[in-house]
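Containing mmCIF, C-alpha atoms: entry30.cif.
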data_work
#
loop_
_atom_site.group_PDB
_atom_site.id
_atom_site.type_symbol
_atom_site.label_atom_id
_atom_site.label_comp_id
_atom_site.auth_asym_id
_atom_site.auth_seq_id
_atom_site.Cartn_x
_atom_site.Cartn_y
_atom_site.Cartn_z
ATOM 1 C CA ASP A 1 -11.043 45.797 1.763
ATOM 2 C CA ARG A 2 -12.116 43.647 -1.194
ATOM 3 C CA MET A 3 -11.140 39.974 -1.243
ATOM 4 C CA PRO A 4 -11.389 37.763 -4.342
ATOM 5 C CA VAL A 5 -11.348 34.151 -3.135
ATOM 6 C CA CYS A 6 -11.036 30.825 -4.995
ATOM 7 C CA VAL A 7 -12.350 27.745 -3.184
ATOM 8 C CA ASP A 8 -12.032 24.092 -4.154
ATOM 9 C CA ALA A 9 -15.639 23.020 -4.765
ATOM 10 C CA ARG A 10 -14.897 19.447 -3.701
ATOM 11 C CA ASP A 11 -13.598 20.040 -0.174
ATOM 12 C CA GLY A 12 -13.808 23.788 0.589
ATOM 13 C CA ARG A 13 -10.047 24.433 0.669
ATOM 14 C CA ILE A 14 -9.070 28.020 -0.145
ATOM 15 C CA LEU A 15 -6.830 27.764 -3.200
ATOM 16 C CA TRP A 16 -5.982 31.454 -3.467
ATOM 17 C CA GLN A 17 -7.170 34.825 -2.242
ATOM 18 C CA TYR A 18 -6.081 38.455 -2.335
ATOM 19 C CA THR A 19 -6.812 41.456 -0.159
ATOM 20 C CA ILE A 20 -7.298 44.695 -2.085
ATOM 21 C CA ALA A 21 -7.428 47.870 -0.017
ATOM 22 C CA THR A 22 -10.279 50.295 -0.646
ATOM 23 C CA ARG A 23 -12.200 52.875 1.320
ATOM 24 C CA LYS A 24 -15.424 52.183 3.144
ATOM 25 C CA HIS A 25 -18.445 53.978 1.727
ATOM 26 C CA ARG A 26 -22.155 54.366 2.355
ATOM 27 C CA HIS A 27 -24.530 51.553 1.435
ATOM 28 C CA HIS A 28 -27.953 50.189 2.382
ATOM 29 C CA ARG A 29 -27.932 48.348 5.705
ATOM 30 C CA HIS A 30 -28.994 45.137 3.948
ATOM 31 C CA ASN A 31 -26.467 45.487 1.139
ATOM 32 C CA THR A 32 -22.826 44.459 1.569
ATOM 33 C CA PHE A 33 -19.516 45.246 -0.104
ATOM 34 C CA ALA A 34 -19.654 41.769 -1.705
ATOM 35 C CA SER A 35 -23.084 41.641 -3.325
ATOM 36 C CA THR A 36 -22.002 40.949 -6.895
ATOM 37 C CA THR A 37 -21.577 37.512 -8.485
ATOM 38 C CA PRO A 38 -18.345 36.828 -10.407
ATOM 39 C CA ALA A 39 -18.533 35.707 -14.045
ATOM 40 C CA VAL A 40 -16.322 32.946 -15.395
ATOM 41 C CA ASP A 41 -15.159 31.448 -18.680
ATOM 42 C CA ALA A 42 -12.697 28.704 -19.603
ATOM 43 C CA GLU A 43 -9.686 30.985 -19.048
ATOM 44 C CA ARG A 44 -10.539 33.625 -16.436
ATOM 45 C CA VAL A 45 -12.829 34.791 -13.654
ATOM 46 C CA TYR A 46 -14.132 38.373 -13.521
ATOM 47 C CA PHE A 47 -15.018 40.335 -10.371
ATOM 48 C CA THR A 48 -16.766 43.707 -10.074
ATOM 49 C CA TRP A 49 -17.120 46.161 -7.235
ATOM 50 C CA GLY A 50 -18.225 49.771 -7.180
ATOM 51 C CA THR A 51 -17.376 52.712 -4.951
ATOM 52 C CA PRO A 52 -17.984 56.484 -5.228
ATOM 53 C CA LYS A 53 -14.480 56.652 -6.706
ATOM 54 C CA ALA A 54 -14.438 53.795 -9.202
ATOM 55 C CA LEU A 55 -16.331 50.921 -10.791
ATOM 56 C CA THR A 56 -13.658 48.231 -10.948
ATOM 57 C CA LEU A 57 -13.664 45.165 -13.194
ATOM 58 C CA ILE A 58 -10.767 42.796 -12.551
ATOM 59 C CA ALA A 59 -9.759 39.522 -14.226
ATOM 60 C CA TYR A 60 -7.765 36.587 -12.806
ATOM 61 C CA THR A 61 -6.738 33.272 -14.308
ATOM 62 C CA HIS A 62 -8.132 30.162 -12.621
ATOM 63 C CA ASP A 63 -4.735 29.805 -10.951
ATOM 64 C CA GLY A 64 -5.050 33.251 -9.356
ATOM 65 C CA GLU A 65 -2.798 35.296 -11.629
ATOM 66 C CA LYS A 66 -4.093 38.819 -12.161
ATOM 67 C CA VAL A 67 -4.532 39.469 -15.890
ATOM 68 C CA TRP A 68 -5.950 42.995 -16.017
ATOM 69 C CA GLU A 69 -7.908 45.596 -14.045
ATOM 70 C CA SER A 70 -10.196 48.312 -15.459
ATOM 71 C CA ASP A 71 -11.493 51.501 -13.856
ATOM 72 C CA LEU A 72 -14.879 52.234 -15.446
ATOM 73 C CA GLY A 73 -15.597 55.512 -13.647
ATOM 74 C CA PRO A 74 -17.315 56.529 -10.393
ATOM 75 C CA VAL A 75 -20.507 54.995 -8.999
ATOM 76 C CA LYS A 76 -23.231 57.249 -7.610
ATOM 77 C CA GLY A 77 -25.903 55.586 -5.462
ATOM 78 C CA GLY A 78 -26.473 55.659 -1.724
ATOM 79 C CA HIS A 79 -27.538 51.992 -1.535
ATOM 80 C CA GLY A 80 -24.144 50.730 -2.680
ATOM 81 C CA PHE A 81 -23.123 48.627 -5.660
ATOM 82 C CA GLY A 82 -24.482 45.232 -6.743
ATOM 83 C CA ALA A 83 -24.340 44.798 -10.541
ATOM 84 C CA SER A 84 -22.860 41.492 -11.767
ATOM 85 C CA PRO A 85 -20.984 40.963 -15.061
ATOM 86 C CA VAL A 86 -21.922 38.505 -17.818
ATOM 87 C CA VAL A 87 -19.567 36.838 -20.318
ATOM 88 C CA TYR A 88 -20.725 36.913 -23.938
ATOM 89 C CA GLY A 89 -18.257 35.742 -26.577
ATOM 90 C CA ASP A 90 -15.168 37.903 -26.170
ATOM 91 C CA LEU A 91 -17.081 40.544 -24.175
ATOM 92 C CA ILE A 92 -17.896 41.250 -20.552
ATOM 93 C CA LEU A 93 -21.326 42.937 -20.374
ATOM 94 C CA LEU A 94 -22.247 45.110 -17.399
ATOM 95 C CA ASN A 95 -25.230 47.179 -16.308
ATOM 96 C CA ASN A 96 -23.883 50.569 -15.217
ATOM 97 C CA ASP A 97 -27.253 52.231 -14.553
ATOM 98 C CA GLN A 98 -26.816 54.458 -11.492
ATOM 99 C CA ASP A 99 -28.029 57.638 -9.793
ATOM 100 C CA GLY A 100 -25.506 59.676 -11.757
ATOM 101 C CA GLU A 101 -24.029 59.380 -15.253
ATOM 102 C CA SER A 102 -25.133 55.972 -16.526
ATOM 103 C CA SER A 103 -24.388 53.540 -19.337
ATOM 104 C CA LEU A 104 -24.484 49.970 -20.570
ATOM 105 C CA LEU A 105 -20.947 48.645 -20.996
ATOM 106 C CA ALA A 106 -19.077 46.024 -23.010
ATOM 107 C CA ILE A 107 -15.451 45.310 -22.088
ATOM 108 C CA ASP A 108 -12.996 43.133 -24.003
ATOM 109 C CA ARG A 109 -12.519 40.039 -21.833
ATOM 110 C CA THR A 110 -8.947 39.507 -23.040
ATOM 111 C CA ASN A 111 -7.484 42.890 -22.054
ATOM 112 C CA GLY A 112 -10.105 44.893 -20.109
ATOM 113 C CA GLU A 113 -10.460 47.604 -22.755
ATOM 114 C CA LEU A 114 -13.835 49.287 -23.307
ATOM 115 C CA ARG A 115 -15.451 48.054 -26.538
ATOM 116 C CA TRP A 116 -18.638 50.117 -26.395
ATOM 117 C CA SER A 117 -20.666 52.271 -24.026
ATOM 118 C CA ASN A 118 -24.359 53.074 -24.467
ATOM 119 C CA PRO A 119 -25.350 56.274 -22.546
ATOM 120 C CA ARG A 120 -28.480 56.044 -20.371
ATOM 121 C CA GLN A 121 -30.823 58.309 -18.371
ATOM 122 C CA SER A 122 -31.393 55.869 -15.530
ATOM 123 C CA LYS A 123 -31.835 58.099 -12.404
ATOM 124 C CA LYS A 124 -31.549 55.044 -10.122
ATOM 125 C CA LEU A 125 -28.706 52.614 -9.549
ATOM 126 C CA SER A 126 -29.813 49.181 -10.813
ATOM 127 C CA TYR A 127 -28.744 45.715 -9.720
ATOM 128 C CA SER A 128 -30.230 43.455 -12.399
ATOM 129 C CA THR A 129 -27.928 41.150 -14.364
ATOM 130 C CA PRO A 130 -28.169 41.282 -18.194
ATOM 131 C CA LEU A 131 -29.689 38.340 -20.062
ATOM 132 C CA VAL A 132 -28.921 36.826 -23.481
ATOM 133 C CA TYR A 133 -32.054 36.376 -25.638
ATOM 134 C CA ARG A 134 -32.062 34.643 -29.028
ATOM 135 C CA ASN A 135 -34.677 36.268 -31.252
ATOM 136 C CA ALA A 136 -36.893 34.715 -33.948
ATOM 137 C CA LYS A 137 -34.146 35.241 -36.532
ATOM 138 C CA GLY A 138 -31.641 33.272 -34.456
ATOM 139 C CA GLU A 139 -29.723 36.431 -33.497
ATOM 140 C CA ASP A 140 -28.646 37.225 -29.946
ATOM 141 C CA GLU A 141 -29.899 40.286 -28.087
ATOM 142 C CA ILE A 142 -28.809 41.448 -24.630
ATOM 143 C CA ILE A 143 -31.674 42.336 -22.289
ATOM 144 C CA PHE A 144 -31.377 44.989 -19.564
ATOM 145 C CA THR A 145 -34.007 46.211 -17.079
ATOM 146 C CA ASN A 146 -34.150 49.659 -15.543
ATOM 147 C CA TRP A 147 -36.766 51.908 -13.914
ATOM 148 C CA GLN A 148 -36.548 54.801 -16.408
ATOM 149 C CA HIS A 149 -35.873 52.837 -19.594
ATOM 150 C CA GLY A 150 -37.989 49.779 -18.844
ATOM 151 C CA ILE A 151 -36.899 46.624 -20.672
ATOM 152 C CA THR A 152 -34.228 47.193 -23.329
ATOM 153 C CA ALA A 153 -32.614 44.923 -25.926
ATOM 154 C CA VAL A 154 -29.230 45.873 -27.397
ATOM 155 C CA HIS A 155 -27.013 44.399 -30.093
ATOM 156 C CA PRO A 156 -24.146 42.615 -28.276
ATOM 157 C CA GLU A 157 -21.368 43.671 -30.651
ATOM 158 C CA SER A 158 -22.323 47.347 -31.087
ATOM 159 C CA GLY A 159 -24.499 48.277 -28.103
ATOM 160 C CA LYS A 160 -27.158 49.653 -30.451
ATOM 161 C CA VAL A 161 -30.673 49.625 -28.983
ATOM 162 C CA LEU A 162 -32.797 47.139 -30.939
ATOM 163 C CA TRP A 163 -36.043 47.691 -29.042
ATOM 164 C CA GLU A 164 -37.182 49.201 -25.769
ATOM 165 C CA ASN A 165 -40.455 49.213 -23.791
ATOM 166 C CA ASP A 166 -40.975 51.813 -21.076
ATOM 167 C CA VAL A 167 -43.184 49.562 -18.925
ATOM 168 C CA PHE A 168 -42.498 50.509 -15.303
ATOM 169 C CA GLY A 169 -44.129 53.129 -13.066
ATOM 170 C CA LYS A 170 -43.023 56.776 -12.931
ATOM 171 C CA PRO A 171 -45.175 58.333 -10.128
ATOM 172 C CA SER A 172 -42.628 57.301 -7.454
ATOM 173 C CA ASN A 173 -39.045 56.116 -7.339
ATOM 174 C CA GLU A 174 -38.468 52.514 -8.386
ATOM 175 C CA ARG A 175 -35.418 50.322 -8.795
ATOM 176 C CA ALA A 176 -34.650 47.265 -10.966
ATOM 177 C CA ILE A 177 -33.049 44.655 -8.707
ATOM 178 C CA GLY A 178 -34.197 41.181 -9.782
ATOM 179 C CA SER A 179 -32.849 40.031 -13.144
ATOM 180 C CA PRO A 180 -34.856 39.443 -16.344
ATOM 181 C CA VAL A 181 -35.722 35.842 -17.283
ATOM 182 C CA LEU A 182 -36.842 33.982 -20.408
ATOM 183 C CA ALA A 183 -40.013 31.933 -20.848
ATOM 184 C CA GLY A 184 -40.262 30.504 -24.364
ATOM 185 C CA ASP A 185 -40.276 33.534 -26.665
ATOM 186 C CA LEU A 186 -41.138 35.933 -23.822
ATOM 187 C CA VAL A 187 -38.787 38.288 -21.986
ATOM 188 C CA ILE A 188 -39.928 38.904 -18.401
ATOM 189 C CA GLY A 189 -38.607 41.799 -16.297
ATOM 190 C CA THR A 190 -39.270 43.196 -12.822
ATOM 191 C CA CYS A 191 -39.028 46.581 -11.114
ATOM 192 C CA GLY A 192 -40.540 48.335 -8.118
ATOM 193 C CA PHE A 193 -40.143 50.033 -4.782
ATOM 194 C CA VAL A 194 -40.146 48.413 -1.336
ATOM 195 C CA THR A 195 -43.373 49.929 -0.007
ATOM 196 C CA LYS A 196 -45.069 50.870 -3.280
ATOM 197 C CA LEU A 197 -46.003 49.396 -6.651
ATOM 198 C CA LYS A 198 -44.004 46.482 -8.066
ATOM 199 C CA HIS A 199 -44.257 45.031 -11.567
ATOM 200 C CA VAL A 200 -43.600 41.774 -13.375
ATOM 201 C CA VAL A 201 -44.011 42.397 -17.115
ATOM 202 C CA ALA A 202 -43.808 39.873 -19.986
ATOM 203 C CA LEU A 203 -42.904 41.057 -23.505
ATOM 204 C CA ARG A 204 -42.782 39.286 -26.857
ATOM 205 C CA PRO A 205 -40.150 40.897 -29.117
ATOM 206 C CA VAL A 206 -41.233 41.497 -32.720
ATOM 207 C CA PRO A 207 -38.372 41.385 -35.279
ATOM 208 C CA GLY A 208 -37.737 44.810 -36.778
ATOM 209 C CA LYS A 209 -40.048 46.639 -34.358
ATOM 210 C CA ALA A 210 -38.835 49.396 -32.002
ATOM 211 C CA GLU A 211 -41.078 48.037 -29.234
ATOM 212 C CA ALA A 212 -41.963 44.522 -28.134
ATOM 213 C CA GLU A 213 -45.549 43.368 -27.613
ATOM 214 C CA GLU A 214 -46.692 43.451 -23.993
ATOM 215 C CA VAL A 215 -48.329 40.083 -23.308
ATOM 216 C CA TRP A 216 -49.155 40.278 -19.600
ATOM 217 C CA ARG A 217 -48.257 41.922 -16.308
ATOM 218 C CA ILE A 218 -48.749 41.107 -12.611
ATOM 219 C CA GLU A 219 -48.544 43.859 -9.986
ATOM 220 C CA ARG A 220 -49.763 42.219 -6.774
ATOM 221 C CA SER A 221 -47.638 40.155 -4.373
ATOM 222 C CA VAL A 222 -44.661 40.165 -6.744
ATOM 223 C CA PRO A 223 -40.952 40.255 -5.876
ATOM 224 C CA HIS A 224 -38.864 43.385 -5.627
ATOM 225 C CA ILE A 225 -35.427 41.877 -4.965
ATOM 226 C CA PRO A 226 -35.670 38.125 -5.829
ATOM 227 C CA THR A 227 -35.518 37.062 -9.479
ATOM 228 C CA PRO A 228 -38.514 35.081 -10.838
ATOM 229 C CA LEU A 229 -38.077 31.366 -11.548
ATOM 230 C CA VAL A 230 -39.376 29.708 -14.734
ATOM 231 C CA VAL A 231 -39.913 25.926 -14.649
ATOM 232 C CA GLY A 232 -41.961 24.022 -17.231
ATOM 233 C CA LYS A 233 -45.125 26.012 -18.030
ATOM 234 C CA TRP A 234 -44.986 27.977 -14.764
ATOM 235 C CA ILE A 235 -43.350 31.125 -13.445
ATOM 236 C CA TYR A 236 -42.802 31.280 -9.681
ATOM 237 C CA LEU A 237 -42.822 34.737 -8.079
ATOM 238 C CA TRP A 238 -41.543 34.420 -4.499
ATOM 239 C CA ASN A 239 -41.659 37.904 -3.051
ATOM 240 C CA ASP A 240 -39.625 39.568 -0.341
ATOM 241 C CA GLN A 241 -42.372 39.034 2.270
ATOM 242 C CA GLY A 242 -42.637 35.276 1.672
ATOM 243 C CA ILE A 243 -45.718 35.211 -0.577
ATOM 244 C CA LEU A 244 -45.352 32.775 -3.480
ATOM 245 C CA THR A 245 -47.359 33.157 -6.691
ATOM 246 C CA CYS A 246 -47.440 30.471 -9.396
ATOM 247 C CA ALA A 247 -48.661 31.630 -12.817
ATOM 248 C CA ASP A 248 -48.752 30.391 -16.396
ATOM 249 C CA HIS A 249 -45.689 32.050 -17.923
ATOM 250 C CA GLN A 250 -47.307 32.467 -21.349
ATOM 251 C CA THR A 251 -50.575 34.073 -20.209
ATOM 252 C CA GLY A 252 -49.848 35.472 -16.743
ATOM 253 C CA GLU A 253 -52.923 33.651 -15.426
ATOM 254 C CA ILE A 254 -52.397 33.049 -11.702
ATOM 255 C CA HIS A 255 -52.555 29.358 -10.801
ATOM 256 C CA TRP A 256 -52.293 29.913 -7.038
ATOM 257 C CA ASN A 257 -51.012 32.406 -4.485
ATOM 258 C CA GLU A 258 -49.833 31.180 -1.068
ATOM 259 C CA ARG A 259 -48.096 32.533 2.006
ATOM 260 C CA ALA A 260 -45.153 30.159 1.774
ATOM 261 C CA GLY A 261 -43.278 31.973 4.512
ATOM 262 C CA GLY A 262 -39.764 33.203 4.812
ATOM 263 C CA GLU A 263 -39.080 36.875 4.298
ATOM 264 C CA GLY A 264 -35.903 37.292 2.334
ATOM 265 C CA TYR A 265 -33.885 38.450 -0.648
ATOM 266 C CA SER A 266 -32.571 35.165 -2.035
ATOM 267 C CA SER A 267 -33.966 34.001 -5.377
ATOM 268 C CA ALA A 268 -35.544 30.556 -5.694
ATOM 269 C CA VAL A 269 -33.615 27.895 -7.635
ATOM 270 C CA VAL A 270 -34.585 24.510 -9.093
ATOM 271 C CA ALA A 271 -32.760 21.169 -9.087
ATOM 272 C CA ASP A 272 -33.960 17.582 -9.669
ATOM 273 C CA GLY A 273 -37.579 18.662 -9.855
ATOM 274 C CA HIS A 274 -37.538 20.590 -6.598
ATOM 275 C CA ILE A 275 -37.622 24.313 -5.839
ATOM 276 C CA TYR A 276 -35.406 25.636 -3.051
ATOM 277 C CA ARG A 277 -35.643 29.052 -1.458
ATOM 278 C CA ILE A 278 -33.671 30.477 1.475
ATOM 279 C CA ALA A 279 -35.255 33.025 3.814
ATOM 280 C CA LYS A 280 -33.049 35.717 5.333
ATOM 281 C CA ASP A 281 -33.116 33.914 8.716
ATOM 282 C CA GLY A 282 -31.558 30.862 7.053
ATOM 283 C CA LYS A 283 -34.656 28.671 6.849
ATOM 284 C CA VAL A 284 -34.861 26.765 3.558
ATOM 285 C CA SER A 285 -38.160 25.666 1.996
ATOM 286 C CA VAL A 286 -38.427 22.865 -0.567
ATOM 287 C CA LEU A 287 -41.391 22.552 -2.969
ATOM 288 C CA PRO A 288 -42.168 20.397 -6.009
ATOM 289 C CA ALA A 289 -41.507 22.095 -9.348
ATOM 290 C CA ASN A 290 -44.681 20.734 -10.932
ATOM 291 C CA GLY A 291 -47.148 23.579 -10.445
ATOM 292 C CA LYS A 292 -48.562 22.165 -7.190
ATOM 293 C CA TYR A 293 -48.282 23.977 -3.867
ATOM 294 C CA GLU A 294 -46.784 21.740 -1.206
ATOM 295 C CA ILE A 295 -44.004 22.277 1.315
ATOM 296 C CA LEU A 296 -42.098 19.007 0.978
ATOM 297 C CA ALA A 297 -39.393 19.834 3.509
ATOM 298 C CA THR A 298 -37.752 22.613 5.475
ATOM 299 C CA PHE A 299 -34.340 22.857 7.054
ATOM 300 C CA ASP A 300 -32.525 25.570 8.957
ATOM 301 C CA LEU A 301 -29.033 26.843 8.158
ATOM 302 C CA GLU A 302 -29.183 28.667 11.535
ATOM 303 C CA GLU A 303 -27.409 31.674 10.025
ATOM 304 C CA THR A 304 -28.498 34.829 8.222
ATOM 305 C CA CYS A 305 -28.454 34.393 4.450
ATOM 306 C CA PHE A 306 -29.288 36.897 1.705
ATOM 307 C CA ALA A 307 -27.507 35.086 -1.161
ATOM 308 C CA THR A 308 -28.991 32.901 -3.888
ATOM 309 C CA PRO A 309 -27.467 29.398 -3.886
ATOM 310 C CA ALA A 310 -25.430 28.115 -6.829
ATOM 311 C CA ILE A 311 -25.861 24.555 -8.131
ATOM 312 C CA ALA A 312 -23.210 22.510 -9.940
ATOM 313 C CA ASN A 313 -22.059 18.884 -10.007
ATOM 314 C CA ARG A 314 -24.926 17.772 -7.747
ATOM 315 C CA ARG A 315 -23.905 20.222 -5.051
ATOM 316 C CA MET A 316 -25.644 23.316 -3.785
ATOM 317 C CA ILE A 317 -23.211 26.052 -2.709
ATOM 318 C CA ILE A 318 -24.675 28.492 -0.171
ATOM 319 C CA ARG A 319 -23.052 31.642 1.195
ATOM 320 C CA THR A 320 -24.382 32.690 4.598
ATOM 321 C CA PHE A 321 -23.097 35.631 6.597
ATOM 322 C CA GLU A 322 -20.639 33.345 8.403
ATOM 323 C CA HIS A 323 -19.858 30.366 6.159
ATOM 324 C CA LEU A 324 -19.631 28.954 2.674
ATOM 325 C CA LEU A 325 -21.531 25.640 2.647
ATOM 326 C CA ALA A 326 -21.773 22.757 0.196
ATOM 327 C CA ILE A 327 -24.772 20.432 0.381
ATOM 328 C CA ALA A 328 -24.382 17.266 -1.705
ATOM 329 C CA ASP A 329 -27.173 15.405 -3.567
#

Once you've parsed the file, please lay out its structure as structure tokens.
Amino acid sequence: DRMPVCVDARDGRILWQYTIATRKHRHHRHNTFASTTPAVDAERVYFTWGTPKALTLIAYTHDGEKVWESDLGPVKGGHGFGASPVVYGDLILLNNDQDGESSLLAIDRTNGELRWSNPRQSKKLSYSTPLVYRNAKGEDEIIFTNWQHGITAVHPESGKVLWENDVFGKPSNERAIGSPVLAGDLVIGTCGFVTKLKHVVALRPVPGKAEAEEVWRIERSVPHIPTPLVVGKWIYLWNDQGILTCADHQTGEIHWNERAGGEGYSSAVVADGHIYRIAKDGKVSVLPANGKYEILATFDLEETCFATPAIANRRMIIRTFEHLLAIAD
């Protein structure tokens, strides 16, 4: 079953929830049927889930009234689904790169109708969330990462490819899982394979050019699943095995590389000048976000956790395997 749930952020009360019947299907043992992050705007919240039968995008009002539901076709990929939607203007943007027929999608957020579809030759189901990038002309571009295509920018209203750099390895299978990030005028994307080469690549888009300029890349001790974190002049690369690299995000020059500990899949987040990262065993590490390596504090959730925390209104919301937690201040 799938279960959209709305929780009061102040006290944890469940305000509404629905149970939607669906069939069980194959997925990676560390993936779940609830790996995607909902997207939200002032009127609605949007959920996605994918099965071998259908990629479903469904919209509810904030009061829990179902507005529309779209079937965007089957999903092929033995590891299971995990792509999250993004709201842009009146569109919902979604990465539909998969093992089978693939595309980049834009859906009308008011009625669920398909606005455009950009065909792809992806060969591997991707999990990265698209990113909005404002170019030197002040125009928005939507950034996608994928093993076969590399890093791609498309026009948000038409889906037309504006530029694309094929920057990831082809000798063995790879998968884009972590999401692209921005650092000044650079677009930074990741891709890799668990036991083989992994890449963090920084590009500088050039207006009117079919390819961006590659500025730097790092291919040692970099994350496969977690998304990089950019704070100040630094980019923090906390990899799946617990090794943390701090580098200058404009040059790629490594500032330090430390075994910070904590194997896991959660991405690091920053709040009030501190970096927080949750290991899969529930242990949380806290570091200063000033380019210095120091473990300021640790605490233990005492539960398995693969999810990245969300921060809003001076509260950190954490989803473990057993609970939804709110930590204040």

- Task: I would like the residues chosen by the PyMOL selection byres ((chain A and resi 57-64) around 8) on the shown file; could you give them as a PyMOL selection string?
- Result: chain A and resi 6+16-17+43-49+55-56+65-72+112

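Distances to Thr145 (chain A) were evaluated for A:Asn96, A:Ser102, A:Thr19, A:Ser179 using all atoms listed in the file, and the minimum falls at A:Ser179.
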
If the PyMOL selection byres ((chain A and resi 169) around 8) is run on the structure shown, which residues does it catch, given as a PDB file with C-alpha atoms, keeping the file's coordinate frame?
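That gives us expr-v8.pdb:
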ATOM      1  CA  TRP A 147     -36.766  51.908 -13.914  1.00  0.00           C
ATOM      2  CA  VAL A 167     -43.184  49.562 -18.925  1.00  0.00           C
ATOM      3  CA  PHE A 168     -42.498  50.509 -15.303  1.00  0.00           C
ATOM      4  CA  LYS A 170     -43.023  56.776 -12.931  1.00  0.00           C
ATOM      5  CA  PRO A 171     -45.175  58.333 -10.128  1.00  0.00           C
ATOM      6  CA  SER A 172     -42.628  57.301  -7.454  1.00  0.00           C
ATOM      7  CA  GLU A 174     -38.468  52.514  -8.386  1.00  0.00           C
ATOM      8  CA  GLY A 192     -40.540  48.335  -8.118  1.00  0.00           C
ATOM      9  CA  LEU A 197     -46.003  49.396  -6.651  1.00  0.00           C
TER      10      LEU A 197
END

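Applied to this file, the PyMOL selection byres ((chain A and resi 262-264) around 6) selects Asp240, Gln241, Gly242, Gly261, Tyr265, Ser266, Ala279 and Lys280 of chain A.
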
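CA of Arg315 (chain A) to CA of Ile142 (chain A) spans 29.3 Å [interatomic distance, one decimal].
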
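The interatomic distance for the pair CA of Arg314 (chain A) and CA of Ile327 (chain A) works out to 8.6 Å.
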
- Task: Go through A:Trp116, A:Trp163, A:Tyr127, A:Trp238 and flag the residue nearest Val206 (chain A), using all atoms listed in the file for the distances.
- Result: A:Trp163

- Would you be able to write out as a ChimeraX atom specification which residues have an atom within 9 Å of (-24.0, 49.0, -15.3) in the file's coordinates, counting all atoms listed in the file? /A:83-85,93-98,102-105,125-129

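Nearest residue to Ala247 (chain A) among A:His224, A:His199, A:Arg23, A:Arg217 is A:Arg217, counting only C-alpha atoms.
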
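We find CA of Gly159 (chain A) and CA of Ile143 (chain A) to be spaced 11.0 Å apart.
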
Quick one: axis-aligned box around all listed atoms of region 101-120 of chain A, 6 Å on every side, centre and edge lengths in Å to one decimal, written as JSON.
{"center_x": -18.0, "center_y": 49.4, "center_z": -20.9, "size_x": 33.0, "size_y": 31.9, "size_z": 23.3}

Do you know which residues are at most 8 Å from Gly50 (chain A) counting all atoms listed in the file, after dropping those on the same chain fewer than 6 positions away, and could you put them as a tab-separated table (two decimals) with C-alpha atoms, keeping the file's coordinate frame?
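File produced: part-v2.tsv:
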chain	number	residue	atom	x	y	z
A	56	THR	CA	-13.66	48.23	-10.95
A	74	PRO	CA	-17.32	56.53	-10.39
A	75	VAL	CA	-20.51	55.00	-9.00
A	80	GLY	CA	-24.14	50.73	-2.68
A	81	PHE	CA	-23.12	48.63	-5.66
A	82	GLY	CA	-24.48	45.23	-6.74

Within 12 Å of Glu211 (chain A), counting all atoms listed in the file, which residues qualify if same-chain residues fewer than 6 places away don't, as an mmCIF file with C-alpha atoms, in the frame of the given file?
data_model
loop_
_atom_site.group_PDB
_atom_site.id
_atom_site.type_symbol
_atom_site.label_atom_id
_atom_site.label_comp_id
_atom_site.auth_asym_id
_atom_site.auth_seq_id
_atom_site.Cartn_x
_atom_site.Cartn_y
_atom_site.Cartn_z
ATOM 1 C CA HIS A 149 -35.873 52.837 -19.594
ATOM 2 C CA GLY A 150 -37.989 49.779 -18.844
ATOM 3 C CA ILE A 151 -36.899 46.624 -20.672
ATOM 4 C CA THR A 152 -34.228 47.193 -23.329
ATOM 5 C CA ALA A 153 -32.614 44.923 -25.926
ATOM 6 C CA VAL A 161 -30.673 49.625 -28.983
ATOM 7 C CA LEU A 162 -32.797 47.139 -30.939
ATOM 8 C CA TRP A 163 -36.043 47.691 -29.042
ATOM 9 C CA GLU A 164 -37.182 49.201 -25.769
ATOM 10 C CA ASN A 165 -40.455 49.213 -23.791
ATOM 11 C CA ASP A 166 -40.975 51.813 -21.076
ATOM 12 C CA VAL A 167 -43.184 49.562 -18.925
ATOM 13 C CA LEU A 203 -42.904 41.057 -23.505
ATOM 14 C CA ARG A 204 -42.782 39.286 -26.857
ATOM 15 C CA PRO A 205 -40.150 40.897 -29.117
#
